[in-house]
Amino acid sequence: MAVKQKILIVDDDSNIAELISLYLTKECYTTSIAYDGEAAVREFHAFRPNLVILDLMLPGIDGYQVCREIRASSDVPIIMLSAKGDTFDKVLGLELGADDYVIKPFDAKELIARVRAVLRRYQQPKASKAPSNEKCVTYPDLTINLTNYSVTYMGRQVDMPPKELELLYFIAASPNQVFTREQLLDHIWGYEYIGDTRTVDVHIKRLREKIKDNPGWSIATVWGIGYKFEVKS
């Protein structure tokens, strides 16, 4: 029998939290609810969920701080919920490590689809087992292995969430090819992801913070179009 995946729901509105829990339970997920930030952090460590649905406006510590606390020790996927639809709020949430951002009010079916999509992406590292099918690209001081989801830079392993690694691998596997933001959004996040192209910019920014340009290669911006992994001859 397959083990049910566990989802932690964090929302101070009990009606919303219980409604989300009801829909997820019907989809065969196991849920737990926390109604404030402090309880969310405690329950995260006790419940050990496979995914967190996190409201931003919480009593006590807010959702942004809860996200920081979780990211300090875990790469478990986080879907943020907020009534704030401003680009600034979305970008801030993504920069802090959220995997998706859903604006209230939301359609329950859409939220379930996003949960499935995020969990699918997060589980992909465990799916590839055959060494003969290993997906790996290597450049001076940089190795990106999509089979075991590892990145080695300057001789040290770099921790990064699945989507960051997938984005890096995708552009590095096609050196000097220019990709539009729309192409990257569609390939990495898929048709189920309803977001804007700023998501790509945020993830490129994160990659550049972790992996600095090398004399032989760089993550280059092609102004007005998108990005490319530039390899210098």
# chains A, B, ... in the order shown; residues from 1 in each chain; ligands from 1
$ closest_atom_pairs --of "segment 84-165 of chain A" --to "segment 38-52 of chain A" --cutoff "9 Å" --atoms "only C-alpha atoms" --output "Markdown table"
| residue | atom | partner | partner_atom | distance |
| --- | --- | --- | --- | --- |
| A:Val115 | CA | A:Leu51 | CA | 8.0 |
| A:Val118 | CA | A:Leu51 | CA | 8.5 |
| A:Leu119 | CA | A:Leu51 | CA | 7.3 |
$ select_by_dssp --residues "segment 38-119 of chain A" --states "strand (DSSP E)" --output "list in words"
Leu51, Val52, Ile53, Leu54, Asp55, Ile78, Ile79, Met80, Leu81, Ser82, Asp100, Tyr101, Val102 and Ile103 of chain A
$ residues_around --residues "Ile33 of chain A" --least-positions-apart "2" --cutoff "12 Å" --atoms "only C-alpha atoms" --output "VMD selection string"
chain A and resid 6 to 22 24 30 to 31 35 to 37 39 to 44 47 49 52 to 55
$ closest_atom_pairs --of "segment 66-154 of chain A" --to "segment 224-232 of chain A" --cutoff "12 Å" --atoms "only C-alpha atoms" --output "CSV"
residue,atom,partner,partner_atom,distance
A:Val137,CA,A:Phe229,CA,11.9
A:Thr138,CA,A:Val231,CA,11.7
A:Tyr139,CA,A:Val231,CA,9.0
A:Pro140,CA,A:Val231,CA,10.4
$ atom_distance --atom1 "atom CA of Thr197 of chain A" --atom2 "atom CA of Met57 of chain A"
24.9 Å
$ atom_distance --atom1 "atom CA of Pro77 of chain A" --atom2 "atom CA of Leu94 of chain A"
11.3 Å
$ atom_distance --atom1 "atom CA of Val151 of chain A" --atom2 "atom CA of Asp75 of chain A"
15.0 Å
$ select_by_dssp --residues "segment 188-223 of chain A" --states "alpha helix (DSSP H)" --output "count of residues only"
13
$ residues_around --residues "Phe170 of chain A" --least-positions-apart "3" --cutoff "10 Å" --atoms "only C-alpha atoms" --output "ChimeraX atom specification"
/A:137,144,146,164-167,173-175,179,184,187-188,228-229
$ write_last_selection --atoms "all heavy atoms" --output "compact mmCIF listing (two decimals), in the first residue's frame"
# COMPACT_ATOMS: atom_id res chain seq x y z
N VAL A 137 25.79 17.38 -17.20
CA VAL A 137 26.61 18.26 -18.03
C VAL A 137 27.76 18.77 -17.17
O VAL A 137 27.58 19.04 -15.98
CB VAL A 137 25.81 19.43 -18.62
CG1 VAL A 137 24.81 18.93 -19.64
CG2 VAL A 137 25.10 20.22 -17.53
N ILE A 144 26.59 19.58 -13.32
CA ILE A 144 25.15 19.56 -13.01
C ILE A 144 24.63 18.18 -13.36
O ILE A 144 24.64 17.78 -14.53
CB ILE A 144 24.39 20.63 -13.82
CG1 ILE A 144 25.09 21.99 -13.73
CG2 ILE A 144 22.94 20.73 -13.35
CD1 ILE A 144 24.84 22.87 -14.92
N LEU A 146 21.39 15.89 -13.35
CA LEU A 146 19.95 15.87 -13.21
C LEU A 146 19.43 14.51 -12.73
O LEU A 146 18.31 14.40 -12.26
CB LEU A 146 19.28 16.23 -14.55
CG LEU A 146 17.78 16.55 -14.51
CD1 LEU A 146 17.51 17.80 -13.68
CD2 LEU A 146 17.23 16.74 -15.91
N GLU A 164 15.33 25.22 -9.39
CA GLU A 164 16.57 25.94 -9.70
C GLU A 164 17.53 25.03 -10.46
O GLU A 164 18.12 25.43 -11.47
CB GLU A 164 17.24 26.42 -8.41
CG GLU A 164 16.63 27.66 -7.81
CD GLU A 164 17.38 28.11 -6.57
OE1 GLU A 164 18.61 27.90 -6.51
OE2 GLU A 164 16.74 28.65 -5.66
N LEU A 165 17.68 23.81 -9.97
CA LEU A 165 18.59 22.87 -10.61
C LEU A 165 18.10 22.52 -12.01
O LEU A 165 18.89 22.45 -12.96
CB LEU A 165 18.73 21.61 -9.75
CG LEU A 165 19.86 20.65 -10.14
CD1 LEU A 165 20.40 19.96 -8.90
CD2 LEU A 165 19.40 19.61 -11.14
N GLU A 166 16.80 22.29 -12.17
CA GLU A 166 16.25 21.96 -13.49
C GLU A 166 16.48 23.10 -14.47
O GLU A 166 16.80 22.88 -15.65
CB GLU A 166 14.76 21.66 -13.36
CG GLU A 166 14.45 20.36 -12.64
CD GLU A 166 12.99 20.23 -12.28
OE1 GLU A 166 12.17 21.03 -12.78
OE2 GLU A 166 12.65 19.33 -11.49
N LEU A 167 16.31 24.34 -14.00
CA LEU A 167 16.52 25.50 -14.86
C LEU A 167 17.98 25.59 -15.28
O LEU A 167 18.29 25.79 -16.46
CB LEU A 167 16.09 26.76 -14.13
CG LEU A 167 16.30 28.09 -14.85
CD1 LEU A 167 15.55 28.12 -16.18
CD2 LEU A 167 15.87 29.26 -13.96
N ALA A 173 22.56 22.53 -20.71
CA ALA A 173 22.57 21.40 -21.64
C ALA A 173 22.50 21.86 -23.10
O ALA A 173 22.75 21.08 -24.02
CB ALA A 173 21.41 20.45 -21.34
N SER A 174 22.17 23.13 -23.31
CA SER A 174 22.12 23.70 -24.66
C SER A 174 22.93 24.99 -24.67
O SER A 174 22.38 26.09 -24.74
CB SER A 174 20.67 23.97 -25.08
OG SER A 174 19.90 22.79 -25.07
N PRO A 175 24.26 24.88 -24.58
CA PRO A 175 25.10 26.08 -24.47
C PRO A 175 24.93 27.03 -25.64
O PRO A 175 24.77 26.60 -26.79
CB PRO A 175 26.52 25.49 -24.42
CG PRO A 175 26.41 24.13 -25.02
CD PRO A 175 25.04 23.64 -24.65
N PHE A 179 17.00 31.25 -24.76
CA PHE A 179 15.65 30.84 -24.40
C PHE A 179 14.87 32.05 -23.91
O PHE A 179 15.37 32.83 -23.10
CB PHE A 179 15.66 29.78 -23.30
CG PHE A 179 16.30 28.48 -23.71
CD1 PHE A 179 17.62 28.21 -23.37
CD2 PHE A 179 15.58 27.53 -24.44
CE1 PHE A 179 18.21 27.01 -23.73
CE2 PHE A 179 16.17 26.34 -24.82
CZ PHE A 179 17.49 26.07 -24.47
N LEU A 184 11.23 29.07 -20.97
CA LEU A 184 11.74 28.52 -19.71
C LEU A 184 10.61 28.26 -18.72
O LEU A 184 10.59 27.23 -18.05
CB LEU A 184 12.77 29.48 -19.10
CG LEU A 184 14.05 29.65 -19.93
CD1 LEU A 184 14.92 30.76 -19.35
CD2 LEU A 184 14.83 28.35 -20.00
N HIS A 187 8.80 25.10 -19.92
CA HIS A 187 9.55 23.85 -19.80
C HIS A 187 9.76 23.45 -18.34
O HIS A 187 9.59 22.28 -17.98
CB HIS A 187 10.91 23.96 -20.48
CG HIS A 187 11.71 22.69 -20.41
ND1 HIS A 187 11.55 21.66 -21.31
CD2 HIS A 187 12.63 22.26 -19.51
CE1 HIS A 187 12.36 20.66 -20.97
NE2 HIS A 187 13.02 21.01 -19.87
N ILE A 188 10.10 24.40 -17.49
CA ILE A 188 10.43 24.07 -16.09
C ILE A 188 9.19 23.96 -15.23
O ILE A 188 9.07 23.06 -14.40
CB ILE A 188 11.40 25.12 -15.51
CG1 ILE A 188 12.64 25.25 -16.39
CG2 ILE A 188 11.78 24.75 -14.07
CD1 ILE A 188 13.42 23.96 -16.57
N LYS A 228 20.66 32.75 -21.63
CA LYS A 228 21.39 31.64 -22.24
C LYS A 228 22.57 31.27 -21.34
O LYS A 228 23.03 32.10 -20.52
CB LYS A 228 21.90 32.00 -23.64
CG LYS A 228 22.98 33.07 -23.66
CD LYS A 228 23.47 33.32 -25.09
CE LYS A 228 24.52 34.42 -25.12
NZ LYS A 228 25.06 34.63 -26.50
N PHE A 229 23.03 30.05 -21.47
CA PHE A 229 24.25 29.62 -20.80
C PHE A 229 25.36 29.82 -21.81
O PHE A 229 25.51 29.05 -22.74
CB PHE A 229 24.15 28.14 -20.36
CG PHE A 229 25.25 27.71 -19.44
CD1 PHE A 229 25.12 27.88 -18.07
CD2 PHE A 229 26.40 27.13 -19.94
CE1 PHE A 229 26.14 27.47 -17.21
CE2 PHE A 229 27.43 26.74 -19.10
CZ PHE A 229 27.30 26.90 -17.72
$ residues_around --residues "Phe106 of chain A" --least-positions-apart "5" --cutoff "10 Å" --atoms "only C-alpha atoms" --output "list in words"
Leu81, Ser82, Ala83 and Leu111 of chain A
$ residues_around --residues "Asp86 of chain A" --least-positions-apart "2" --cutoff "12 Å" --atoms "only C-alpha atoms" --output "list in words"
Ser82, Ala83, Lys84, Phe88, Asp89, Lys90, Val91, Leu92, Gly93, Tyr101, Val102, Ile103, Asp196 and Arg198 of chain A
$ closest_residue --among "A:Ile211, A:Arg116, A:Asp100, A:Gln177" --to "Thr143 of chain A" --atoms "only C-alpha atoms"
A:Ile211
$ decode --residues "segment 78-91 of chain A" --atoms "all heavy atoms" --output "mmCIF file, in the first residue's frame"
data_model
loop_
_atom_site.group_PDB
_atom_site.id
_atom_site.type_symbol
_atom_site.label_atom_id
_atom_site.label_comp_id
_atom_site.auth_asym_id
_atom_site.auth_seq_id
_atom_site.Cartn_x
_atom_site.Cartn_y
_atom_site.Cartn_z
ATOM 1 N N ILE A 78 6.920 24.572 -0.767
ATOM 2 C CA ILE A 78 5.997 25.483 -0.096
ATOM 3 C C ILE A 78 5.155 26.200 -1.141
ATOM 4 O O ILE A 78 5.690 26.767 -2.097
ATOM 5 C CB ILE A 78 6.755 26.520 0.741
ATOM 6 C CG1 ILE A 78 7.571 25.840 1.846
ATOM 7 C CG2 ILE A 78 5.798 27.542 1.343
ATOM 8 C CD1 ILE A 78 8.503 26.782 2.591
ATOM 9 N N ILE A 79 3.835 26.150 -0.962
ATOM 10 C CA ILE A 79 2.918 26.943 -1.774
ATOM 11 C C ILE A 79 2.383 28.055 -0.886
ATOM 12 O O ILE A 79 1.744 27.790 0.133
ATOM 13 C CB ILE A 79 1.753 26.100 -2.325
ATOM 14 C CG1 ILE A 79 2.281 25.006 -3.257
ATOM 15 C CG2 ILE A 79 0.753 26.993 -3.063
ATOM 16 C CD1 ILE A 79 1.192 24.085 -3.797
ATOM 17 N N MET A 80 2.648 29.289 -1.253
ATOM 18 C CA MET A 80 2.172 30.419 -0.460
ATOM 19 C C MET A 80 0.775 30.825 -0.886
ATOM 20 O O MET A 80 0.447 30.815 -2.086
ATOM 21 C CB MET A 80 3.115 31.613 -0.605
ATOM 22 C CG MET A 80 4.403 31.488 0.185
ATOM 23 S SD MET A 80 5.373 33.018 0.125
ATOM 24 C CE MET A 80 6.618 32.646 1.369
ATOM 25 N N LEU A 81 -0.049 31.211 0.092
ATOM 26 C CA LEU A 81 -1.388 31.745 -0.148
ATOM 27 C C LEU A 81 -1.409 33.193 0.306
ATOM 28 O O LEU A 81 -0.879 33.515 1.370
ATOM 29 C CB LEU A 81 -2.446 30.970 0.638
ATOM 30 C CG LEU A 81 -2.633 29.477 0.366
ATOM 31 C CD1 LEU A 81 -3.734 28.934 1.280
ATOM 32 C CD2 LEU A 81 -3.000 29.234 -1.088
ATOM 33 N N SER A 82 -2.018 34.055 -0.487
ATOM 34 C CA SER A 82 -2.100 35.456 -0.069
ATOM 35 C C SER A 82 -3.202 36.180 -0.815
ATOM 36 O O SER A 82 -3.500 35.875 -1.973
ATOM 37 C CB SER A 82 -0.769 36.166 -0.318
ATOM 38 O OG SER A 82 -0.855 37.526 0.042
ATOM 39 N N ALA A 83 -3.798 37.157 -0.133
ATOM 40 C CA ALA A 83 -4.766 38.038 -0.787
ATOM 41 C C ALA A 83 -4.034 39.128 -1.548
ATOM 42 O O ALA A 83 -4.643 39.876 -2.309
ATOM 43 C CB ALA A 83 -5.694 38.650 0.255
ATOM 44 N N LYS A 84 -2.715 39.216 -1.337
ATOM 45 C CA LYS A 84 -1.910 40.227 -2.022
ATOM 46 C C LYS A 84 -1.450 39.687 -3.375
ATOM 47 O O LYS A 84 -0.755 38.686 -3.430
ATOM 48 C CB LYS A 84 -0.682 40.585 -1.179
ATOM 49 C CG LYS A 84 -1.021 41.222 0.161
ATOM 50 C CD LYS A 84 0.253 41.550 0.917
ATOM 51 C CE LYS A 84 -0.044 42.220 2.234
ATOM 52 N NZ LYS A 84 1.197 42.562 2.983
ATOM 53 N N GLY A 85 -1.849 40.377 -4.433
ATOM 54 C CA GLY A 85 -1.482 39.913 -5.762
ATOM 55 C C GLY A 85 -0.409 40.750 -6.425
ATOM 56 O O GLY A 85 -0.105 40.574 -7.595
ATOM 57 N N ASP A 86 0.186 41.692 -5.655
ATOM 58 C CA ASP A 86 1.212 42.557 -6.231
ATOM 59 C C ASP A 86 2.449 41.747 -6.629
ATOM 60 O O ASP A 86 2.812 40.772 -5.968
ATOM 61 C CB ASP A 86 1.635 43.629 -5.231
ATOM 62 C CG ASP A 86 0.491 44.597 -4.912
ATOM 63 O OD1 ASP A 86 -0.453 44.655 -5.719
ATOM 64 O OD2 ASP A 86 0.561 45.265 -3.868
ATOM 65 N N THR A 87 3.098 42.191 -7.704
ATOM 66 C CA THR A 87 4.304 41.518 -8.169
ATOM 67 C C THR A 87 5.370 41.491 -7.079
ATOM 68 O O THR A 87 6.067 40.486 -6.898
ATOM 69 C CB THR A 87 4.865 42.221 -9.423
ATOM 70 O OG1 THR A 87 3.888 42.144 -10.468
ATOM 71 C CG2 THR A 87 6.151 41.568 -9.894
ATOM 72 N N PHE A 88 5.483 42.579 -6.312
ATOM 73 C CA PHE A 88 6.484 42.644 -5.246
ATOM 74 C C PHE A 88 6.305 41.507 -4.251
ATOM 75 O O PHE A 88 7.275 40.858 -3.840
ATOM 76 C CB PHE A 88 6.400 43.986 -4.517
ATOM 77 C CG PHE A 88 7.279 44.058 -3.296
ATOM 78 C CD1 PHE A 88 8.638 44.322 -3.410
ATOM 79 C CD2 PHE A 88 6.746 43.831 -2.031
ATOM 80 C CE1 PHE A 88 9.450 44.368 -2.284
ATOM 81 C CE2 PHE A 88 7.551 43.879 -0.900
ATOM 82 C CZ PHE A 88 8.905 44.156 -1.023
ATOM 83 N N ASP A 89 5.048 41.278 -3.849
ATOM 84 C CA ASP A 89 4.780 40.227 -2.866
ATOM 85 C C ASP A 89 5.096 38.848 -3.438
ATOM 86 O O ASP A 89 5.632 37.975 -2.742
ATOM 87 C CB ASP A 89 3.315 40.292 -2.418
ATOM 88 C CG ASP A 89 2.999 41.592 -1.700
ATOM 89 O OD1 ASP A 89 3.596 41.835 -0.644
ATOM 90 O OD2 ASP A 89 2.176 42.368 -2.208
ATOM 91 N N LYS A 90 4.740 38.624 -4.704
ATOM 92 C CA LYS A 90 5.039 37.346 -5.344
ATOM 93 C C LYS A 90 6.542 37.111 -5.411
ATOM 94 O O LYS A 90 7.037 36.029 -5.063
ATOM 95 C CB LYS A 90 4.463 37.307 -6.768
ATOM 96 C CG LYS A 90 2.950 37.295 -6.848
ATOM 97 C CD LYS A 90 2.535 37.245 -8.310
ATOM 98 C CE LYS A 90 1.027 37.300 -8.470
ATOM 99 N NZ LYS A 90 0.633 37.289 -9.895
ATOM 100 N N VAL A 91 7.267 38.130 -5.862
ATOM 101 C CA VAL A 91 8.716 37.993 -6.012
ATOM 102 C C VAL A 91 9.375 37.763 -4.660
ATOM 103 O O VAL A 91 10.270 36.920 -4.526
ATOM 104 C CB VAL A 91 9.309 39.233 -6.710
ATOM 105 C CG1 VAL A 91 10.835 39.215 -6.672
ATOM 106 C CG2 VAL A 91 8.829 39.306 -8.155
#
